[in-house]
file entry-v5.pdb (PDB, C-alpha atoms)
ATOM      1  CA  MET K 575     256.772 183.056 153.404
ATOM      2  CA  THR K 576     255.155 185.575 155.719
ATOM      3  CA  THR K 577     251.477 185.402 156.559
ATOM      4  CA  LYS K 578     249.445 187.373 154.006
ATOM      5  CA  THR K 579     245.992 188.894 153.987
ATOM      6  CA  ILE K 580     244.473 187.928 150.643
ATOM      7  CA  LEU K 581     241.297 189.263 149.019
ATOM      8  CA  ILE K 582     239.788 186.788 146.567
ATOM      9  CA  THR K 583     236.977 187.590 144.154
ATOM     10  CA  GLY K 584     234.775 184.760 142.932
ATOM     11  CA  ALA K 585     235.382 182.631 146.030
ATOM     12  CA  GLY K 586     231.866 181.209 146.184
ATOM     13  CA  SER K 587     232.703 178.114 144.159
ATOM     14  CA  GLY K 588     235.316 176.339 142.064
ATOM     15  CA  PHE K 589     238.983 177.283 142.224
ATOM     16  CA  GLY K 590     238.404 180.390 144.331
ATOM     17  CA  LYS K 591     236.527 178.640 147.118
ATOM     18  CA  ALA K 592     238.846 175.638 147.315
ATOM     19  CA  ALA K 593     242.010 177.759 147.237
ATOM     20  CA  ALA K 594     240.586 180.168 149.828
ATOM     21  CA  ILE K 595     240.051 177.282 152.233
ATOM     22  CA  GLY K 596     243.473 175.830 151.430
ATOM     23  CA  MET K 597     245.319 179.108 151.989
ATOM     24  CA  ALA K 598     243.406 179.708 155.235
ATOM     25  CA  LYS K 599     244.456 176.233 156.419
ATOM     26  CA  ASN K 600     248.038 177.295 155.658
ATOM     27  CA  GLY K 601     247.645 180.230 158.057
ATOM     28  CA  HIS K 602     246.925 183.112 155.692
ATOM     29  CA  ASN K 603     244.153 185.601 156.478
ATOM     30  CA  ILE K 604     241.569 185.288 153.738
ATOM     31  CA  ILE K 605     238.840 187.691 152.669
ATOM     32  CA  ALA K 606     236.769 185.378 150.490
ATOM     33  CA  THR K 607     234.288 187.411 148.473
ATOM     34  CA  VAL K 608     231.300 185.965 146.665
ATOM     35  CA  HIS K 609     229.069 187.303 143.925
ATOM     36  CA  VAL K 610     225.624 186.913 145.509
ATOM     37  CA  SER K 611     224.388 187.297 149.065
ATOM     38  CA  SER K 612     223.014 183.757 149.218
ATOM     39  CA  GLN K 613     226.577 182.408 149.014
ATOM     40  CA  VAL K 614     227.802 184.320 152.073
ATOM     41  CA  THR K 615     226.207 182.409 154.949
ATOM     42  CA  PRO K 616     226.915 178.877 153.627
ATOM     43  CA  LEU K 617     230.613 179.701 153.160
ATOM     44  CA  ARG K 618     230.790 181.348 156.583
ATOM     45  CA  GLU K 619     229.237 178.246 158.115
ATOM     46  CA  GLU K 620     231.675 176.007 156.243
ATOM     47  CA  ALA K 621     234.622 178.083 157.486
ATOM     48  CA  THR K 622     233.300 177.857 161.060
ATOM     49  CA  ALA K 623     232.861 174.089 160.771
ATOM     50  CA  LEU K 624     236.480 173.828 159.611
ATOM     51  CA  GLY K 625     237.663 176.009 162.489
ATOM     52  CA  LEU K 626     238.985 178.651 160.100
ATOM     53  CA  THR K 627     238.636 181.851 162.106
ATOM     54  CA  ASN K 628     241.032 183.485 159.620
ATOM     55  CA  LEU K 629     238.601 183.063 156.695
ATOM     56  CA  ARG K 630     236.281 186.068 156.435
ATOM     57  CA  VAL K 631     233.433 185.952 153.905
ATOM     58  CA  GLU K 632     231.966 189.068 152.296
ATOM     59  CA  ARG K 633     229.772 189.832 149.314
ATOM     60  CA  LEU K 634     231.559 191.548 146.440
ATOM     61  CA  ASP K 635     229.329 191.901 143.396
ATOM     62  CA  LEU K 636     231.627 193.521 140.844
ATOM     63  CA  THR K 637     228.617 195.050 139.089
ATOM     64  CA  ASP K 638     227.782 196.976 142.288
ATOM     65  CA  PRO K 639     229.954 200.123 142.571
ATOM     66  CA  TYR K 640     229.244 200.330 146.308
ATOM     67  CA  ASP K 641     230.581 196.801 146.808
ATOM     68  CA  ILE K 642     233.718 197.731 144.873
ATOM     69  CA  LYS K 643     234.232 200.934 146.868
ATOM     70  CA  GLN K 644     233.855 199.040 150.143
ATOM     71  CA  ALA K 645     236.334 196.363 149.080
ATOM     72  CA  GLN K 646     238.865 198.994 148.061
ATOM     73  CA  SER K 647     238.784 200.325 151.633
ATOM     74  CA  TRP K 648     239.797 196.993 153.184
ATOM     75  CA  ASP K 649     243.390 196.312 154.198
ATOM     76  CA  PHE K 650     245.065 193.348 152.466
ATOM     77  CA  ASP K 651     248.383 192.366 150.904
ATOM     78  CA  VAL K 652     247.272 190.416 147.841
ATOM     79  CA  LEU K 653     244.391 191.060 145.448
ATOM     80  CA  TRP K 654     243.413 187.936 143.544
ATOM     81  CA  ASN K 655     241.070 188.797 140.677
ATOM     82  CA  ASN K 656     239.511 185.380 140.234
ATOM     83  CA  ALA K 657     235.851 186.133 139.458
ATOM     84  CA  GLY K 658     234.700 185.703 135.891
ATOM     85  CA  MET K 659     232.103 184.370 133.495
ATOM     86  CA  GLY K 660     232.127 183.235 129.912
ATOM     87  CA  GLU K 661     230.168 183.445 126.701
ATOM     88  CA  ALA K 662     230.823 180.755 124.109
ATOM     89  CA  GLY K 663     229.653 180.145 120.560
ATOM     90  CA  PRO K 664     230.732 181.305 117.103
ATOM     91  CA  VAL K 665     232.030 184.884 117.226
ATOM     92  CA  TRP K 666     230.635 185.630 113.767
ATOM     93  CA  GLU K 667     227.095 185.055 115.068
ATOM     94  CA  ILE K 668     227.092 185.796 118.813
ATOM     95  CA  PRO K 669     224.997 188.848 119.801
ATOM     96  CA  VAL K 670     227.413 191.711 120.471
ATOM     97  CA  ASP K 671     225.607 192.747 123.661
ATOM     98  CA  LEU K 672     226.705 189.413 125.161
ATOM     99  CA  VAL K 673     230.291 190.146 124.120
ATOM    100  CA  ARG K 674     230.086 193.524 125.879
ATOM    101  CA  LYS K 675     228.706 191.879 129.020
ATOM    102  CA  ASN K 676     231.554 189.365 129.061
ATOM    103  CA  TYR K 677     234.105 192.174 128.812
ATOM    104  CA  GLU K 678     232.362 194.130 131.559
ATOM    105  CA  VAL K 679     232.567 191.235 134.033
ATOM    106  CA  ASN K 680     235.951 189.800 133.055
ATOM    107  CA  VAL K 681     237.919 192.931 132.140
ATOM    108  CA  PHE K 682     236.437 196.346 132.936
ATOM    109  CA  LEU K 683     235.131 195.621 136.450
ATOM    110  CA  PRO K 684     238.276 193.797 137.662
ATOM    111  CA  LEU K 685     240.296 196.683 136.222
ATOM    112  CA  THR K 686     238.124 199.154 138.153
ATOM    113  CA  LEU K 687     238.643 197.230 141.394
ATOM    114  CA  THR K 688     242.380 196.858 140.767
ATOM    115  CA  GLN K 689     242.966 200.519 139.908
ATOM    116  CA  GLY K 690     241.457 201.619 143.211
ATOM    117  CA  VAL K 691     243.465 199.065 145.165
ATOM    118  CA  VAL K 692     246.871 199.715 143.599
ATOM    119  CA  GLN K 693     246.449 203.502 143.672
ATOM    120  CA  LYS K 694     245.748 203.224 147.405
ATOM    121  CA  TRP K 695     248.825 201.028 147.822
ATOM    122  CA  VAL K 696     250.994 203.525 145.944
ATOM    123  CA  ARG K 697     249.735 206.406 148.120
ATOM    124  CA  GLU K 698     250.435 204.373 151.277
ATOM    125  CA  GLY K 699     253.780 203.013 150.063
ATOM    126  CA  LYS K 700     252.451 199.453 150.398
ATOM    127  CA  ARG K 701     254.267 196.753 148.441
ATOM    128  CA  GLY K 702     251.343 194.527 147.522
ATOM    129  CA  LYS K 703     250.638 191.960 144.850
ATOM    130  CA  VAL K 704     247.910 191.541 142.201
ATOM    131  CA  VAL K 705     247.054 188.147 140.715
ATOM    132  CA  PHE K 706     244.724 187.661 137.741
ATOM    133  CA  THR K 707     243.078 184.344 136.946
ATOM    134  CA  SER K 708     243.539 184.224 133.194
ATOM    135  CA  SER K 709     243.276 180.964 131.267
ATOM    136  CA  MET K 710     245.091 178.756 128.837
ATOM    137  CA  GLY K 711     242.687 180.603 126.528
ATOM    138  CA  GLY K 712     244.489 183.841 127.308
ATOM    139  CA  LEU K 713     247.273 182.561 125.058
ATOM    140  CA  PHE K 714     245.432 180.860 122.198
ATOM    141  CA  THR K 715     241.992 180.918 120.607
ATOM    142  CA  PRO K 716     239.988 177.771 119.832
ATOM    143  CA  ALA K 717     236.938 178.036 117.593
ATOM    144  CA  ASN K 718     233.634 178.724 119.366
ATOM    145  CA  TRP K 719     235.393 180.030 122.502
ATOM    146  CA  GLY K 720     236.571 183.322 120.999
ATOM    147  CA  THR K 721     234.471 185.707 123.093
ATOM    148  CA  TYR K 722     235.506 184.296 126.457
ATOM    149  CA  VAL K 723     239.171 183.807 125.605
ATOM    150  CA  SER K 724     239.406 187.277 124.054
ATOM    151  CA  THR K 725     238.572 188.699 127.494
ATOM    152  CA  LYS K 726     241.466 186.670 128.876
ATOM    153  CA  HIS K 727     243.724 187.959 126.082
ATOM    154  CA  ALA K 728     242.776 191.461 127.266
ATOM    155  CA  LEU K 729     243.595 190.564 130.883
ATOM    156  CA  GLU K 730     246.984 189.254 129.763
ATOM    157  CA  ALA K 731     247.736 192.626 128.157
ATOM    158  CA  PHE K 732     246.602 194.624 131.187
ATOM    159  CA  ALA K 733     248.584 192.388 133.546
ATOM    160  CA  GLU K 734     251.749 192.582 131.453
ATOM    161  CA  ALA K 735     251.519 196.370 131.224
ATOM    162  CA  MET K 736     250.738 196.666 134.928
ATOM    163  CA  GLN K 737     253.710 194.529 135.886
ATOM    164  CA  GLN K 738     256.030 196.974 134.130
ATOM    165  CA  GLU K 739     254.229 200.094 135.359
ATOM    166  CA  LEU K 740     254.088 199.088 139.037
ATOM    167  CA  THR K 741     257.587 197.643 139.458
ATOM    168  CA  GLN K 742     258.916 201.028 140.563
ATOM    169  CA  TYR K 743     256.408 200.988 143.449
ATOM    170  CA  GLY K 744     257.292 197.469 144.594
ATOM    171  CA  ILE K 745     253.905 196.074 143.543
ATOM    172  CA  LYS K 746     254.028 192.634 141.916
ATOM    173  CA  VAL K 747     251.670 191.282 139.245
ATOM    174  CA  GLN K 748     251.065 187.681 138.164
ATOM    175  CA  THR K 749     248.691 185.644 136.050
ATOM    176  CA  ILE K 750     247.464 182.107 136.635
ATOM    177  CA  ASN K 751     246.471 180.246 133.469
ATOM    178  CA  PRO K 752     244.521 177.048 134.194
ATOM    179  CA  GLY K 753     243.893 174.368 131.618
ATOM    180  CA  ALA K 754     240.423 172.862 131.171
ATOM    181  CA  TYR K 755     240.002 171.582 134.704
ATOM    182  CA  TYR K 756     236.719 170.039 135.759
ATOM    183  CA  THR K 757     235.073 172.548 138.095
ATOM    184  CA  GLY K 758     231.770 172.938 136.247
ATOM    185  CA  TYR K 759     232.800 176.406 135.011
ATOM    186  CA  ASN K 760     233.622 175.423 131.427
ATOM    187  CA  GLU K 761     230.695 173.024 131.224
ATOM    188  CA  THR K 762     228.258 175.752 132.297
ATOM    189  CA  MET K 763     229.836 178.216 129.873
ATOM    190  CA  ALA K 764     229.252 175.731 127.066
ATOM    191  CA  ASP K 765     225.512 175.909 127.771
ATOM    192  CA  ASN K 766     225.345 179.677 127.256
ATOM    193  CA  PRO K 767     225.087 179.811 123.437
ATOM    194  CA  PHE K 768     221.984 177.659 123.459
ATOM    195  CA  ARG K 769     219.899 180.455 124.961
ATOM    196  CA  TRP K 770     220.325 182.497 121.746
ATOM    197  CA  LEU K 771     221.417 180.055 119.029
ATOM    198  CA  ASP K 772     218.401 179.428 116.768
ATOM    199  CA  ASP K 773     218.392 176.861 113.984
ATOM    200  CA  GLN K 774     215.839 178.999 112.141
ATOM    201  CA  VAL K 775     218.114 182.059 112.223
ATOM    202  CA  ASN K 776     221.750 181.066 112.678
ATOM    203  CA  PHE K 777     224.078 179.273 110.281
ATOM    204  CA  THR K 778     225.719 177.357 113.145
ATOM    205  CA  LYS K 779     223.411 174.507 114.121
ATOM    206  CA  ARG K 780     222.708 173.701 117.746
ATOM    207  CA  ALA K 781     223.359 169.973 117.394
ATOM    208  CA  ASP K 782     226.731 170.536 115.711
ATOM    209  CA  LEU K 783     227.895 172.978 118.381
ATOM    210  CA  ARG K 784     226.705 170.694 121.180
ATOM    211  CA  LYS K 785     228.545 167.730 119.679
ATOM    212  CA  GLY K 786     231.754 169.741 119.423
ATOM    213  CA  PHE K 787     231.567 170.736 123.086
ATOM    214  CA  ASP K 788     230.623 167.223 124.234
ATOM    215  CA  ASP K 789     233.452 165.663 122.235
ATOM    216  CA  PHE K 790     235.968 168.013 123.879
ATOM    217  CA  PHE K 791     234.696 167.449 127.417
ATOM    218  CA  ALA K 792     234.868 163.686 126.820
ATOM    219  CA  THR K 793     238.649 163.865 126.316
ATOM    220  CA  PRO K 794     241.139 163.667 129.216
ATOM    221  CA  GLU K 795     242.290 167.219 128.336
ATOM    222  CA  GLY K 796     238.719 168.492 128.706
ATOM    223  CA  LYS K 797     238.100 167.089 132.172
ATOM    224  CA  MET K 798     241.270 167.283 134.246
ATOM    225  CA  ASP K 799     241.195 166.855 138.031
ATOM    226  CA  ALA K 800     240.936 170.361 139.498
ATOM    227  CA  GLN K 801     242.904 169.494 142.649
ATOM    228  CA  GLU K 802     246.213 169.855 140.794
ATOM    229  CA  MET K 803     245.366 173.455 139.880
ATOM    230  CA  ILE K 804     243.999 174.245 143.337
ATOM    231  CA  ASP K 805     247.215 173.039 144.974
ATOM    232  CA  ARG K 806     249.282 175.243 142.679
ATOM    233  CA  MET K 807     247.050 178.267 143.338
ATOM    234  CA  ILE K 808     247.452 177.776 147.088
ATOM    235  CA  ASP K 809     251.213 178.056 146.582
ATOM    236  CA  ILE K 810     251.326 180.756 143.876
ATOM    237  CA  VAL K 811     248.913 183.401 145.188
ATOM    238  CA  PRO K 812     250.631 184.187 148.538
ATOM    239  CA  ALA K 813     254.198 183.704 147.255
ATOM    240  CA  ASP K 814     256.713 186.562 147.300
ATOM    241  CA  GLU K 815     258.577 185.163 144.285
ATOM    242  CA  GLY K 816     257.613 183.261 141.170
ATOM    243  CA  LYS K 817     256.928 183.458 137.474
ATOM    244  CA  PHE K 818     254.780 186.197 135.990
ATOM    245  CA  ARG K 819     252.740 183.660 133.995
ATOM    246  CA  ASN K 820     251.739 180.356 135.576
ATOM    247  CA  VAL K 821     250.283 177.790 133.171
ATOM    248  CA  VAL K 822     249.113 174.484 134.659
ATOM    249  CA  PRO K 823     249.556 171.617 133.805
ATOM    250  CA  GLN K 824     252.946 171.412 132.067
ATOM    251  CA  VAL K 825     251.474 169.625 129.051
ATOM    252  CA  VAL K 826     249.271 172.672 128.405
ATOM    253  CA  GLU K 827     252.226 175.034 128.775
ATOM    254  CA  ASP K 828     254.111 172.977 126.185
ATOM    255  CA  MET K 829     251.089 172.994 123.859
ATOM    256  CA  LEU K 830     250.738 176.776 124.136
ATOM    257  CA  LYS K 831     254.407 177.351 123.360
ATOM    258  CA  ASN K 832     254.138 175.145 120.279
ATOM    259  CA  HIS K 833     250.945 176.908 119.223
ATOM    260  CA  GLN K 834     252.560 180.326 119.498
ATOM    261  CA  LEU K 835     255.524 179.201 117.399
ATOM    262  CA  ALA K 836     253.220 177.639 114.805
ATOM    263  CA  ALA K 837     251.197 180.875 114.614
ATOM    264  CA  TRP K 838     254.078 182.489 112.697
ATOM    265  CA  GLU K 839     253.555 179.954 109.893
ATOM    266  CA  ASN K 840     249.740 180.089 109.909
ATOM    267  CA  ARG K 841     248.497 180.723 106.374
ATOM    268  CA  ILE K 842     245.100 181.777 105.058
TER     269      ILE K 842
END
call {"tool": "encode", "arguments": {"input": "entry-v5.pdb", "output": "structure tokens"}}
result
Amino acid sequence: MTTKTILITGAGSGFGKAAAIGMAKNGHNIIATVHVSSQVTPLREEATALGLTNLRVERLDLTDPYDIKQAQSWDFDVLWNNAGMGEAGPVWEIPVDLVRKNYEVNVFLPLTLTQGVVQKWVREGKRGKVVFTSSMGGLFTPANWGTYVSTKHALEAFAEAMQQELTQYGIKVQTINPGAYYTGYNETMADNPFRWLDDQVNFTKRADLRKGFDDFFATPEGKMDAQEMIDRMIDIVPADEGKFRNVVPQVVEDMLKNHQLAAWENRI
């Protein structure tokens, strides 16, 4: 594998940060972008302490069109759309403005960034690669997670279309679909409904929803060691070859395949 220059969104924490450091240690040139300015200096200092002169840290707030325009001007080989956020709770009661916000951050803004990047690559004749962090939830829909996973369903569709559309230009597209690894991301997302869910207004009761989330996170499937996923990301993102869809771990891939088969027999 040749050395790549890789732009990562959402590299201030979790998978993005750990994989950025891991890929830099493997010799790749990393542009690790973070959502807020206060994350820039700490990550720069961490990279310096690790001796990673090939890990550059920049702010890229996807809601800031100037940040997006600046990032689109940088030169890199791989765009890894990793940034995201999630709204949870029952879709029949969640305020629709929160649904719109989730789509803005997870779908529309990454699409805006990606369009500018790949159009530049096509003009320049550059054979780059785009990776989207989707989710196991991009391929099935559990109750009370419908808003977040629907954004990942949308990303799956965009990525699949883009893969076909950009093949003629030598631009590759992949998705990475993590299971419920313990990074704090899912746990924080599970807190979000409680800022609007009101026992005096909503049919879904706060205690019932909280118990459902807590019961899931107490299972081995709800709290898997993130290092397995990080190691796979470090390999997948810079690779010249590989599968379009990358579900980790294997047990989740098997579950999703069974779920999709069972969906044909689902009855009301």
call {"tool": "atom_distance", "arguments": {"input": "entry-v5.pdb", "atom1": "CA of Ala657 in chain K", "atom2": "CA of Met829 in chain K"}}
result
25.5 Å
call {"tool": "resolve_selection", "arguments": {"input": "entry-v5.pdb", "expression": "the PyMOL selection byres ((chain K and resi 714) around 10)", "output": "JSON list (two decimals) with C-alpha atoms, in the coordinates of the input"}}
result
[["chain", "number", "residue", "atom", "x", "y", "z"],
["K", 709, "SER", "CA", 243.28, 180.96, 131.27],
["K", 710, "MET", "CA", 245.09, 178.76, 128.84],
["K", 711, "GLY", "CA", 242.69, 180.60, 126.53],
["K", 712, "GLY", "CA", 244.49, 183.84, 127.31],
["K", 713, "LEU", "CA", 247.27, 182.56, 125.06],
["K", 715, "THR", "CA", 241.99, 180.92, 120.61],
["K", 716, "PRO", "CA", 239.99, 177.77, 119.83],
["K", 720, "GLY", "CA", 236.57, 183.32, 121.00],
["K", 723, "VAL", "CA", 239.17, 183.81, 125.60],
["K", 724, "SER", "CA", 239.41, 187.28, 124.05],
["K", 726, "LYS", "CA", 241.47, 186.67, 128.88],
["K", 727, "HIS", "CA", 243.72, 187.96, 126.08],
["K", 829, "MET", "CA", 251.09, 172.99, 123.86],
["K", 830, "LEU", "CA", 250.74, 176.78, 124.14],
["K", 831, "LYS", "CA", 254.41, 177.35, 123.36],
["K", 833, "HIS", "CA", 250.94, 176.91, 119.22],
["K", 834, "GLN", "CA", 252.56, 180.33, 119.50],
["K", 837, "ALA", "CA", 251.20, 180.88, 114.61]]
call {"tool": "resolve_selection", "arguments": {"input": "entry-v5.pdb", "expression": "the PyMOL selection byres ((chain K and resi 627-637) around 7)", "output": "number ranges by chain"}}
result
K: 598, 603-611, 614, 617-618, 621-622, 625-626, 638-639, 641-642, 683
call {"tool": "closest_residue", "arguments": {"input": "entry-v5.pdb", "among": "K:Asn718, K:Gly584, K:Gln748, K:Pro616", "to": "Asp782 in chain K", "atoms": "all atoms listed in the file"}}
result
K:Asn718
call {"tool": "atom_distance", "arguments": {"input": "entry-v5.pdb", "atom1": "CA of Val652 in chain K", "atom2": "CA of Tyr677 in chain K"}}
result
23.2 Å
call {"tool": "resolve_selection", "arguments": {"input": "entry-v5.pdb", "expression": "the PyMOL selection byres ((chain K and resi 736) around 12)", "output": "JSON, numbers by chain"}}
result
{"K": [685, 688, 689, 692, 693, 703, 704, 705, 706, 729, 730, 731, 732, 733, 734, 735, 737, 738, 739, 740, 741, 742, 743, 744, 745, 746, 747, 748, 749, 818]}
call {"tool": "decode", "arguments": {"input": "entry-v5.pdb", "residues": "range 661-677 of chain K", "atoms": "N, CA, C and O atoms", "output": "mmCIF file, in the first residue's frame"}}
result
data_model
loop_
_atom_site.group_PDB
_atom_site.id
_atom_site.type_symbol
_atom_site.label_atom_id
_atom_site.label_comp_id
_atom_site.auth_asym_id
_atom_site.auth_seq_id
_atom_site.Cartn_x
_atom_site.Cartn_y
_atom_site.Cartn_z
ATOM 1 N N GLU K 661 -29.823 11.540 17.109
ATOM 2 C CA GLU K 661 -31.017 11.745 17.915
ATOM 3 C C GLU K 661 -31.713 10.395 18.078
ATOM 4 O O GLU K 661 -31.900 9.658 17.105
ATOM 5 N N ALA K 662 -32.065 10.083 19.314
ATOM 6 C CA ALA K 662 -32.769 8.843 19.616
ATOM 7 C C ALA K 662 -34.155 9.168 20.165
ATOM 8 O O ALA K 662 -34.523 10.318 20.336
ATOM 9 N N GLY K 663 -34.905 8.104 20.438
ATOM 10 C CA GLY K 663 -36.263 8.268 20.959
ATOM 11 C C GLY K 663 -37.297 7.813 19.951
ATOM 12 O O GLY K 663 -36.979 7.563 18.786
ATOM 13 N N PRO K 664 -38.538 7.678 20.375
ATOM 14 C CA PRO K 664 -39.593 7.165 19.492
ATOM 15 C C PRO K 664 -39.858 8.115 18.323
ATOM 16 O O PRO K 664 -40.102 9.302 18.526
ATOM 17 N N VAL K 665 -39.832 7.588 17.094
ATOM 18 C CA VAL K 665 -39.990 8.451 15.929
ATOM 19 C C VAL K 665 -41.409 8.999 15.804
ATOM 20 O O VAL K 665 -41.621 10.009 15.125
ATOM 21 N N TRP K 666 -42.369 8.379 16.468
ATOM 22 C CA TRP K 666 -43.739 8.901 16.387
ATOM 23 C C TRP K 666 -43.974 10.059 17.341
ATOM 24 O O TRP K 666 -45.029 10.700 17.304
ATOM 25 N N GLU K 667 -42.952 10.400 18.153
ATOM 26 C CA GLU K 667 -43.097 11.522 19.083
ATOM 27 C C GLU K 667 -41.957 12.538 19.009
ATOM 28 O O GLU K 667 -42.105 13.645 19.517
ATOM 29 N N ILE K 668 -40.843 12.191 18.400
ATOM 30 C CA ILE K 668 -39.686 13.092 18.399
ATOM 31 C C ILE K 668 -40.024 14.376 17.632
ATOM 32 O O ILE K 668 -40.660 14.338 16.578
ATOM 33 N N PRO K 669 -39.629 15.541 18.153
ATOM 34 C CA PRO K 669 -39.838 16.793 17.415
ATOM 35 C C PRO K 669 -39.143 16.748 16.059
ATOM 36 O O PRO K 669 -37.964 16.388 15.953
ATOM 37 N N VAL K 670 -39.848 17.127 15.010
ATOM 38 C CA VAL K 670 -39.327 16.985 13.649
ATOM 39 C C VAL K 670 -38.140 17.914 13.406
ATOM 40 O O VAL K 670 -37.273 17.604 12.580
ATOM 41 N N ASP K 671 -38.041 19.026 14.128
ATOM 42 C CA ASP K 671 -36.880 19.889 13.933
ATOM 43 C C ASP K 671 -35.592 19.174 14.346
ATOM 44 O O ASP K 671 -34.523 19.416 13.764
ATOM 45 N N LEU K 672 -35.671 18.260 15.307
ATOM 46 C CA LEU K 672 -34.496 17.485 15.696
ATOM 47 C C LEU K 672 -34.138 16.455 14.627
ATOM 48 O O LEU K 672 -32.961 16.154 14.410
ATOM 49 N N VAL K 673 -35.159 15.927 13.958
ATOM 50 C CA VAL K 673 -34.915 15.005 12.841
ATOM 51 C C VAL K 673 -34.188 15.747 11.723
ATOM 52 O O VAL K 673 -33.200 15.248 11.161
ATOM 53 N N ARG K 674 -34.667 16.950 11.403
ATOM 54 C CA ARG K 674 -34.015 17.753 10.354
ATOM 55 C C ARG K 674 -32.556 18.048 10.707
ATOM 56 O O ARG K 674 -31.669 17.972 9.852
ATOM 57 N N LYS K 675 -32.309 18.385 11.954
ATOM 58 C CA LYS K 675 -30.941 18.684 12.395
ATOM 59 C C LYS K 675 -30.050 17.457 12.218
ATOM 60 O O LYS K 675 -28.899 17.566 11.763
ATOM 61 N N ASN K 676 -30.570 16.284 12.574
ATOM 62 C CA ASN K 676 -29.771 15.071 12.446
ATOM 63 C C ASN K 676 -29.425 14.791 10.991
ATOM 64 O O ASN K 676 -28.303 14.387 10.662
ATOM 65 N N TYR K 677 -30.369 15.042 10.092
ATOM 66 C CA TYR K 677 -30.097 14.858 8.663
ATOM 67 C C TYR K 677 -29.098 15.891 8.146
ATOM 68 O O TYR K 677 -28.262 15.591 7.288
#
